[in-house]
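Undergrad: The file below is final.txt, compact mmCIF, N, CA and C atoms:
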```txt
# COMPACT_ATOMS: atom_id res chain seq x y z
N MET X 287 -3.87 9.28 2.93
CA MET X 287 -3.08 9.78 4.03
C MET X 287 -1.98 10.67 3.47
N GLN X 288 -1.89 11.84 4.02
CA GLN X 288 -0.85 12.78 3.63
C GLN X 288 0.40 12.50 4.46
N VAL X 289 1.56 12.41 3.79
CA VAL X 289 2.81 12.09 4.47
C VAL X 289 3.83 13.18 4.20
N GLU X 290 4.49 13.63 5.27
CA GLU X 290 5.57 14.59 5.16
C GLU X 290 6.75 14.05 5.97
N VAL X 291 7.95 14.14 5.38
CA VAL X 291 9.14 13.60 6.03
C VAL X 291 10.17 14.70 6.20
N PHE X 292 10.74 14.77 7.40
CA PHE X 292 11.81 15.72 7.69
C PHE X 292 13.09 14.93 7.96
N CYS X 293 14.05 15.11 7.06
CA CYS X 293 15.31 14.37 7.14
C CYS X 293 16.38 15.21 6.46
N ARG X 294 17.57 15.24 7.01
CA ARG X 294 18.67 16.02 6.41
C ARG X 294 19.13 15.45 5.09
N ASN X 295 19.10 14.13 4.96
CA ASN X 295 19.57 13.46 3.77
C ASN X 295 18.41 13.30 2.78
N LYS X 296 18.49 13.97 1.65
CA LYS X 296 17.39 14.00 0.67
C LYS X 296 17.09 12.60 0.12
N LYS X 297 18.11 11.81 -0.12
CA LYS X 297 17.90 10.46 -0.66
C LYS X 297 17.14 9.60 0.36
N ARG X 298 17.56 9.68 1.64
CA ARG X 298 16.88 8.92 2.69
C ARG X 298 15.46 9.46 2.89
N GLN X 299 15.29 10.75 2.81
CA GLN X 299 13.97 11.36 2.95
C GLN X 299 13.02 10.80 1.89
N ASP X 300 13.47 10.75 0.66
CA ASP X 300 12.64 10.21 -0.43
C ASP X 300 12.31 8.73 -0.18
N LEU X 301 13.29 7.96 0.27
CA LEU X 301 13.06 6.55 0.55
C LEU X 301 12.04 6.37 1.67
N ILE X 302 12.17 7.13 2.74
CA ILE X 302 11.23 7.02 3.86
C ILE X 302 9.82 7.40 3.42
N GLU X 303 9.71 8.44 2.60
CA GLU X 303 8.39 8.84 2.11
C GLU X 303 7.76 7.73 1.25
N LYS X 304 8.54 7.14 0.35
CA LYS X 304 8.03 6.05 -0.49
C LYS X 304 7.60 4.86 0.37
N LEU X 305 8.42 4.53 1.35
CA LEU X 305 8.09 3.41 2.24
C LEU X 305 6.82 3.70 3.04
N ALA X 306 6.70 4.90 3.57
CA ALA X 306 5.53 5.25 4.37
C ALA X 306 4.26 5.16 3.52
N LEU X 307 4.32 5.63 2.30
CA LEU X 307 3.16 5.55 1.41
C LEU X 307 2.86 4.09 1.04
N PHE X 308 3.90 3.30 0.83
CA PHE X 308 3.70 1.87 0.55
C PHE X 308 3.02 1.19 1.74
N PHE X 309 3.53 1.44 2.95
CA PHE X 309 2.93 0.83 4.14
C PHE X 309 1.51 1.32 4.36
N ALA X 310 1.26 2.59 4.09
CA ALA X 310 -0.10 3.13 4.23
C ALA X 310 -1.05 2.39 3.29
N ASN X 311 -0.59 2.10 2.08
CA ASN X 311 -1.40 1.35 1.13
C ASN X 311 -1.63 -0.09 1.62
N GLU X 312 -0.57 -0.74 2.09
CA GLU X 312 -0.67 -2.11 2.59
C GLU X 312 -1.61 -2.21 3.79
N LEU X 313 -1.65 -1.16 4.60
CA LEU X 313 -2.47 -1.17 5.82
C LEU X 313 -3.84 -0.50 5.61
N ASN X 314 -4.18 -0.26 4.35
CA ASN X 314 -5.47 0.36 3.98
C ASN X 314 -5.68 1.73 4.63
N LEU X 315 -4.65 2.55 4.62
CA LEU X 315 -4.73 3.88 5.20
C LEU X 315 -4.69 5.00 4.16
N VAL X 316 -4.66 4.65 2.90
CA VAL X 316 -4.52 5.65 1.84
C VAL X 316 -5.60 6.71 1.90
N ARG X 317 -6.81 6.34 2.24
CA ARG X 317 -7.92 7.29 2.27
C ARG X 317 -8.09 8.00 3.61
N SER X 318 -7.23 7.67 4.55
CA SER X 318 -7.32 8.29 5.87
C SER X 318 -7.08 9.80 5.77
N LYS X 319 -7.82 10.55 6.53
CA LYS X 319 -7.69 12.02 6.55
C LYS X 319 -6.58 12.47 7.51
N LYS X 320 -5.98 11.54 8.23
CA LYS X 320 -4.92 11.88 9.17
C LYS X 320 -3.67 12.33 8.43
N GLU X 321 -2.96 13.28 9.02
CA GLU X 321 -1.68 13.73 8.47
C GLU X 321 -0.56 13.02 9.22
N LEU X 322 0.36 12.43 8.47
CA LEU X 322 1.48 11.72 9.07
C LEU X 322 2.75 12.52 8.82
N THR X 323 3.47 12.82 9.88
CA THR X 323 4.76 13.50 9.78
C THR X 323 5.82 12.58 10.36
N ILE X 324 6.90 12.40 9.61
CA ILE X 324 7.99 11.53 10.06
C ILE X 324 9.24 12.38 10.23
N TYR X 325 9.84 12.26 11.39
CA TYR X 325 11.06 12.99 11.71
C TYR X 325 12.19 12.00 11.94
N THR X 326 13.33 12.24 11.32
CA THR X 326 14.51 11.46 11.67
C THR X 326 15.27 12.23 12.75
N VAL X 327 15.69 11.51 13.76
CA VAL X 327 16.33 12.13 14.93
C VAL X 327 17.69 11.47 15.15
N THR X 328 18.74 12.28 15.21
CA THR X 328 20.08 11.77 15.44
C THR X 328 20.18 11.12 16.82
N ASP X 329 20.71 9.90 16.84
CA ASP X 329 20.93 9.14 18.08
C ASP X 329 19.67 8.92 18.89
N TYR X 330 18.54 8.77 18.24
CA TYR X 330 17.28 8.55 18.95
C TYR X 330 17.35 7.28 19.80
N ARG X 331 17.93 6.23 19.26
CA ARG X 331 18.05 4.96 20.00
C ARG X 331 18.89 5.16 21.25
N LYS X 332 19.99 5.91 21.13
CA LYS X 332 20.87 6.16 22.27
C LYS X 332 20.15 7.00 23.33
N LYS X 333 19.39 7.99 22.90
CA LYS X 333 18.71 8.89 23.83
C LYS X 333 17.48 8.27 24.47
N MET X 334 16.71 7.53 23.70
CA MET X 334 15.41 7.04 24.17
C MET X 334 15.38 5.55 24.47
N GLY X 335 16.31 4.80 23.90
CA GLY X 335 16.34 3.37 24.17
C GLY X 335 15.62 2.52 23.15
N PHE X 336 15.06 3.13 22.12
CA PHE X 336 14.42 2.36 21.05
C PHE X 336 14.64 3.07 19.72
N THR X 337 14.42 2.34 18.62
CA THR X 337 14.76 2.86 17.29
C THR X 337 13.72 3.80 16.70
N GLY X 338 12.49 3.72 17.20
CA GLY X 338 11.43 4.59 16.69
C GLY X 338 10.26 4.64 17.64
N SER X 339 9.40 5.62 17.45
CA SER X 339 8.17 5.71 18.25
C SER X 339 7.12 6.46 17.45
N THR X 340 5.89 6.24 17.83
CA THR X 340 4.75 6.90 17.19
C THR X 340 3.97 7.64 18.25
N VAL X 341 3.61 8.88 17.94
CA VAL X 341 2.84 9.71 18.87
C VAL X 341 1.67 10.34 18.13
N LYS X 342 0.67 10.71 18.89
CA LYS X 342 -0.51 11.34 18.31
C LYS X 342 -0.70 12.70 18.99
N PRO X 343 -0.11 13.76 18.40
CA PRO X 343 -0.16 15.07 19.05
C PRO X 343 -1.57 15.68 19.10
N ASN X 344 -2.42 15.35 18.14
CA ASN X 344 -3.81 15.82 18.16
C ASN X 344 -4.67 14.89 17.32
N ASN X 345 -5.95 15.20 17.19
CA ASN X 345 -6.88 14.30 16.50
C ASN X 345 -6.60 14.14 15.01
N ASN X 346 -5.98 15.14 14.39
CA ASN X 346 -5.78 15.10 12.94
C ASN X 346 -4.40 14.65 12.50
N SER X 347 -3.48 14.54 13.44
CA SER X 347 -2.12 14.22 13.02
C SER X 347 -1.50 13.11 13.87
N ILE X 348 -0.56 12.43 13.23
CA ILE X 348 0.21 11.36 13.85
C ILE X 348 1.66 11.61 13.45
N ALA X 349 2.58 11.35 14.35
CA ALA X 349 4.00 11.56 14.05
C ALA X 349 4.80 10.32 14.39
N ILE X 350 5.81 10.07 13.57
CA ILE X 350 6.78 9.01 13.82
C ILE X 350 8.14 9.68 14.02
N LEU X 351 8.84 9.23 15.04
CA LEU X 351 10.23 9.63 15.28
C LEU X 351 11.08 8.39 15.06
N ILE X 352 12.10 8.50 14.24
CA ILE X 352 12.92 7.35 13.90
C ILE X 352 14.39 7.74 13.94
N ASP X 353 15.22 6.85 14.42
CA ASP X 353 16.66 7.13 14.52
C ASP X 353 17.24 7.32 13.12
N SER X 354 17.92 8.44 12.92
CA SER X 354 18.47 8.76 11.60
C SER X 354 19.68 7.92 11.22
N ARG X 355 20.27 7.25 12.20
CA ARG X 355 21.50 6.49 11.94
C ARG X 355 21.26 5.00 11.70
N LEU X 356 20.01 4.60 11.57
CA LEU X 356 19.72 3.18 11.34
C LEU X 356 20.18 2.76 9.96
N GLY X 357 20.68 1.54 9.87
CA GLY X 357 21.00 0.97 8.57
C GLY X 357 19.72 0.68 7.81
N TYR X 358 19.86 0.39 6.54
CA TYR X 358 18.71 0.18 5.65
C TYR X 358 17.73 -0.86 6.20
N GLU X 359 18.22 -2.05 6.53
CA GLU X 359 17.34 -3.14 6.99
C GLU X 359 16.57 -2.75 8.25
N LYS X 360 17.28 -2.21 9.23
CA LYS X 360 16.65 -1.84 10.50
C LYS X 360 15.69 -0.67 10.31
N MET X 361 16.02 0.25 9.40
CA MET X 361 15.14 1.39 9.14
C MET X 361 13.81 0.93 8.52
N VAL X 362 13.88 0.01 7.57
CA VAL X 362 12.67 -0.51 6.93
C VAL X 362 11.82 -1.25 7.97
N LEU X 363 12.45 -2.09 8.79
CA LEU X 363 11.73 -2.84 9.80
C LEU X 363 11.10 -1.91 10.85
N THR X 364 11.85 -0.92 11.30
CA THR X 364 11.34 0.04 12.29
C THR X 364 10.17 0.83 11.73
N LEU X 365 10.30 1.30 10.50
CA LEU X 365 9.21 2.06 9.89
C LEU X 365 7.97 1.18 9.71
N ALA X 366 8.15 -0.07 9.33
CA ALA X 366 7.02 -1.00 9.21
C ALA X 366 6.31 -1.14 10.55
N HIS X 367 7.09 -1.33 11.61
CA HIS X 367 6.53 -1.47 12.96
C HIS X 367 5.75 -0.21 13.35
N GLU X 368 6.34 0.94 13.15
CA GLU X 368 5.69 2.20 13.55
C GLU X 368 4.45 2.48 12.70
N MET X 369 4.45 2.05 11.45
CA MET X 369 3.27 2.26 10.60
C MET X 369 2.09 1.42 11.08
N VAL X 370 2.34 0.28 11.72
CA VAL X 370 1.24 -0.48 12.33
C VAL X 370 0.62 0.35 13.44
N HIS X 371 1.45 1.04 14.22
CA HIS X 371 0.92 1.93 15.25
C HIS X 371 0.16 3.11 14.64
N VAL X 372 0.62 3.61 13.51
CA VAL X 372 -0.11 4.68 12.81
C VAL X 372 -1.51 4.19 12.48
N LYS X 373 -1.60 2.97 11.95
CA LYS X 373 -2.91 2.39 11.64
C LYS X 373 -3.78 2.30 12.89
N GLN X 374 -3.19 1.84 13.99
CA GLN X 374 -3.94 1.70 15.23
C GLN X 374 -4.47 3.04 15.72
N PHE X 375 -3.65 4.08 15.63
CA PHE X 375 -4.09 5.43 16.02
C PHE X 375 -5.15 5.96 15.05
N ALA X 376 -4.90 5.80 13.75
CA ALA X 376 -5.81 6.34 12.73
C ALA X 376 -7.20 5.73 12.81
N LEU X 377 -7.26 4.43 13.14
CA LEU X 377 -8.56 3.76 13.22
C LEU X 377 -9.20 3.88 14.61
N GLY X 378 -8.50 4.51 15.53
CA GLY X 378 -9.04 4.68 16.88
C GLY X 378 -8.93 3.44 17.74
N GLN X 379 -8.18 2.44 17.29
CA GLN X 379 -8.00 1.22 18.08
C GLN X 379 -7.14 1.51 19.31
N LEU X 380 -6.16 2.37 19.15
CA LEU X 380 -5.24 2.73 20.23
C LEU X 380 -5.33 4.22 20.47
N ARG X 381 -5.48 4.57 21.73
CA ARG X 381 -5.48 6.00 22.06
C ARG X 381 -4.96 6.22 23.47
N PRO X 382 -4.11 7.24 23.59
CA PRO X 382 -3.62 7.60 24.92
C PRO X 382 -4.71 8.38 25.64
N GLU X 383 -4.72 8.31 26.94
CA GLU X 383 -5.77 9.00 27.71
C GLU X 383 -5.20 9.52 29.00
N LYS X 384 -5.72 10.63 29.44
CA LYS X 384 -5.33 11.22 30.72
C LYS X 384 -6.49 11.13 31.69
N TYR X 385 -6.18 10.88 32.93
CA TYR X 385 -7.17 10.92 34.01
C TYR X 385 -6.62 11.80 35.11
N GLY X 386 -7.13 13.01 35.23
CA GLY X 386 -6.66 13.92 36.26
C GLY X 386 -5.18 14.16 36.13
N SER X 387 -4.45 13.98 37.21
CA SER X 387 -3.01 14.20 37.18
C SER X 387 -2.25 12.97 36.69
N ASN X 388 -2.94 11.84 36.55
CA ASN X 388 -2.29 10.62 36.07
C ASN X 388 -2.22 10.63 34.55
N THR X 389 -1.08 10.28 34.02
CA THR X 389 -0.94 10.18 32.57
C THR X 389 -0.42 8.80 32.22
N GLY X 390 -0.48 8.46 30.97
CA GLY X 390 0.08 7.20 30.53
C GLY X 390 -0.90 6.06 30.43
N TYR X 391 -2.17 6.32 30.62
CA TYR X 391 -3.15 5.26 30.40
C TYR X 391 -3.38 5.10 28.92
N TRP X 392 -3.59 3.87 28.50
CA TRP X 392 -3.85 3.56 27.11
C TRP X 392 -5.18 2.85 26.99
N PHE X 393 -5.89 3.17 25.92
CA PHE X 393 -7.11 2.46 25.60
C PHE X 393 -6.88 1.67 24.33
N TRP X 394 -7.17 0.39 24.37
CA TRP X 394 -7.04 -0.50 23.23
C TRP X 394 -8.42 -1.06 22.91
N LYS X 395 -8.91 -0.68 21.75
CA LYS X 395 -10.23 -1.13 21.29
C LYS X 395 -11.30 -0.87 22.35
N GLY X 396 -11.22 0.33 22.95
CA GLY X 396 -12.24 0.78 23.89
C GLY X 396 -12.03 0.37 25.33
N ARG X 397 -11.01 -0.42 25.63
CA ARG X 397 -10.77 -0.88 27.00
C ARG X 397 -9.50 -0.27 27.56
N ARG X 398 -9.60 0.23 28.79
CA ARG X 398 -8.42 0.77 29.46
C ARG X 398 -7.47 -0.37 29.78
N MET X 399 -6.19 -0.13 29.47
CA MET X 399 -5.19 -1.18 29.64
C MET X 399 -4.20 -0.80 30.73
N ALA X 400 -3.54 -1.81 31.27
CA ALA X 400 -2.48 -1.59 32.26
C ALA X 400 -1.32 -0.87 31.58
N ASN X 401 -0.45 -0.31 32.38
CA ASN X 401 0.65 0.49 31.86
C ASN X 401 1.85 -0.31 31.34
N ASP X 402 1.76 -1.61 31.25
CA ASP X 402 2.88 -2.42 30.78
C ASP X 402 2.92 -2.38 29.26
N TYR X 403 3.54 -1.32 28.73
CA TYR X 403 3.53 -1.06 27.30
C TYR X 403 4.17 -2.20 26.50
N ALA X 404 5.27 -2.73 26.98
CA ALA X 404 6.00 -3.76 26.23
C ALA X 404 5.18 -5.04 26.03
N MET X 405 4.29 -5.33 26.96
CA MET X 405 3.48 -6.55 26.87
C MET X 405 2.07 -6.27 26.33
N SER X 406 1.90 -5.14 25.71
CA SER X 406 0.57 -4.73 25.28
C SER X 406 0.13 -5.40 23.97
N PRO X 407 -1.17 -5.51 23.75
CA PRO X 407 -1.67 -6.14 22.51
C PRO X 407 -1.32 -5.34 21.26
N TRP X 408 -1.20 -4.01 21.38
CA TRP X 408 -0.86 -3.21 20.20
C TRP X 408 0.61 -3.41 19.81
N GLU X 409 1.49 -3.64 20.79
CA GLU X 409 2.88 -3.95 20.47
C GLU X 409 2.97 -5.36 19.87
N ASP X 410 2.21 -6.27 20.42
CA ASP X 410 2.18 -7.63 19.90
C ASP X 410 1.77 -7.62 18.42
N GLU X 411 0.72 -6.86 18.10
CA GLU X 411 0.28 -6.77 16.71
C GLU X 411 1.37 -6.16 15.82
N ALA X 412 2.02 -5.10 16.29
CA ALA X 412 3.07 -4.45 15.50
C ALA X 412 4.24 -5.39 15.24
N TYR X 413 4.66 -6.13 16.28
CA TYR X 413 5.76 -7.08 16.10
C TYR X 413 5.38 -8.21 15.15
N LYS X 414 4.13 -8.66 15.20
CA LYS X 414 3.69 -9.73 14.30
C LYS X 414 3.65 -9.29 12.84
N LYS X 415 3.31 -8.03 12.59
CA LYS X 415 3.13 -7.56 11.21
C LYS X 415 4.39 -6.94 10.60
N GLU X 416 5.34 -6.50 11.43
CA GLU X 416 6.48 -5.74 10.90
C GLU X 416 7.32 -6.52 9.90
N GLY X 417 7.59 -7.78 10.18
CA GLY X 417 8.45 -8.58 9.31
C GLY X 417 7.86 -8.77 7.92
N CYS X 418 6.60 -9.13 7.87
CA CYS X 418 5.92 -9.34 6.59
C CYS X 418 5.85 -8.04 5.79
N LEU X 419 5.48 -6.95 6.47
CA LEU X 419 5.42 -5.65 5.80
C LEU X 419 6.78 -5.24 5.25
N ALA X 420 7.82 -5.44 6.05
CA ALA X 420 9.17 -5.07 5.62
C ALA X 420 9.61 -5.89 4.41
N GLU X 421 9.32 -7.18 4.42
CA GLU X 421 9.69 -8.02 3.28
C GLU X 421 8.95 -7.61 2.01
N HIS X 422 7.66 -7.31 2.12
CA HIS X 422 6.89 -6.82 0.96
C HIS X 422 7.48 -5.52 0.44
N ALA X 423 7.86 -4.64 1.34
CA ALA X 423 8.42 -3.35 0.93
C ALA X 423 9.75 -3.52 0.22
N LYS X 424 10.59 -4.40 0.71
CA LYS X 424 11.90 -4.61 0.07
C LYS X 424 11.74 -5.19 -1.33
N LYS X 425 10.79 -6.12 -1.49
CA LYS X 425 10.51 -6.66 -2.83
C LYS X 425 9.98 -5.57 -3.75
N TRP X 426 9.08 -4.75 -3.23
CA TRP X 426 8.49 -3.66 -4.01
C TRP X 426 9.57 -2.66 -4.42
N LEU X 427 10.47 -2.33 -3.52
CA LEU X 427 11.53 -1.38 -3.84
C LEU X 427 12.45 -1.90 -4.94
N ARG X 428 12.68 -3.22 -4.97
CA ARG X 428 13.52 -3.80 -6.03
C ARG X 428 12.87 -3.68 -7.41
N LEU X 429 11.56 -3.58 -7.43
CA LEU X 429 10.83 -3.46 -8.70
C LEU X 429 10.81 -2.03 -9.24
N LEU X 430 11.11 -1.07 -8.37
CA LEU X 430 11.10 0.33 -8.81
C LEU X 430 12.27 0.61 -9.75
N PRO X 431 12.06 1.50 -10.72
CA PRO X 431 13.17 1.84 -11.63
C PRO X 431 14.27 2.63 -10.94
```
Would you mind giving the structure from this file in structure tokens?

TA:
Amino acid sequence: MQVEVFCRNKKRQDLIEKLALFFANELNLVRSKKELTIYTVTDYRKKMGFTGSTVKPNNNSIAILIDSRLGYEKMVLTLAHEMVHVKQFALGQLRPEKYGSNTGYWFWKGRRMANDYAMSPWEDEAYKKEGCLAEHAKKWLRLLP
């Protein structure tokens, strides 16, 4: 998986890139042909109501938007959560779909799902995996020179 990070702070940019590649490895996405772009956005949580989100602009790319003002712990946890969604998009488990003028339908493992995003199985999976992924990443980062 190719990863590109856009961030004003070079040190944070490097950290986010290392973390994204670590998570890609943990989630078996290293060989994926998808391109991942990560953008840090000032006050994203204030503007949108959450710390990060994952979108799939086209078949070959996936993007993560993450609040640039998150502290270290919350940034690692948010990135871990969003990387689970990257895996779901990359493997085709999760996909947004349009029907005529209606938008916002989601397909999970081939089945059309109700619009209750917060109670969805893909969010459940991301919340279950984020803590373990974040802890592995923090241990791994301590081992780096």

Undergrad: Counting only C-alpha atoms, what is within 12 Å of stretch 407-410 of chain X, bar same-chain residues fewer than 3 positions away, as JSON, numbers by chain?

TA: {"X": [339, 340, 367, 368, 369, 370, 371, 372, 373, 374, 375, 378, 379, 380, 381, 392, 393, 394, 395, 397, 398, 399, 400, 401, 402, 403, 404, 413, 414, 415, 416]}

Undergrad: Once 3 Å is added on each side, what centre and edge lengths in Å to one decimal does the axis-aligned box around all listed atoms of stretch 356-366 of chain X have, as AutoDock Vina command-line options?

TA:
```
--center_x 13.7 --center_y 0.7 --center_z 9.0 --size_x 20.7 --size_y 13.7 --size_z 12.6
```

Undergrad: Could you pull out the residues in stretch 314-378 of chain X that DSSP calls strand (DSSP E or B) from the backbone, as a PyMOL selection string?

TA: chain X and resi 321-327+338-344+347-353

Undergrad: Calculated over all atoms listed in the file, which of the candidates X:Met287, X:Met334, X:Cys418, X:Leu301 has the smallest distance to X:Arg317?

TA: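 So, comparing all the options, the nearest one is X:Met287.
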
Undergrad: With 8 Å as the threshold, what does the neighbourhood of (1.1, 12.0, 3.3) contain in terms of residues, counting only N, CA and C atoms? Coordinates are those of the file; answer as a list of chain:residue names.

TA: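 The requested residues, written out, are X:Met287, X:Gln288, X:Val289, X:Glu290, X:Val291, X:Ala306, X:Leu307, X:Lys320, X:Glu321, X:Leu322, X:Thr323.
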
Undergrad: Any idea what the distance is between atom CA of X:Asn346 and atom C of X:Lys319?

TA: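 Spanning atom CA of X:Asn346 to atom C of X:Lys319 is a straight-line distance of 6.1 Å.
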
Undergrad: What's the separation between atom C of X:Cys293 and atom N of X:Phe336, in Å to one decimal place?

TA: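 These atoms are spaced 19.8 Å apart.
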
Undergrad: For X:Ala412, which residue among X:Leu365, X:Leu427, X:Phe292, X:Arg331 is the nearest when counting only C-alpha atoms?

TA: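 Once distances to X:Ala412 are computed over only C-alpha atoms, the minimum belongs to X:Leu365.
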
Undergrad: Name the closest residue to X:Leu351 among the candidates X:Gly338, X:Pro382, X:Gly396, X:Gly417; distances are taken between atoms, counting only C-alpha atoms.

TA: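 Counting only C-alpha atoms, the residue closest to X:Leu351 is X:Gly338.
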
Undergrad: Separation of atom CA of X:Ile324 and atom N of X:Ile350, in Å?

TA: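 Straight-line distance from atom CA of X:Ile324 to atom N of X:Ile350 works out to 4.4 Å.
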
Undergrad: Place a sphere of radius 6.5 Å on (18.0, 11.2, 10.1) in the file coordinates and name every protein, DNA or RNA residue with an atom inside or on its surface, counting all atoms listed in the file; give the answer as a VMD selection string.

TA: chain X and resid 293 to 295 325 to 328 352 to 355
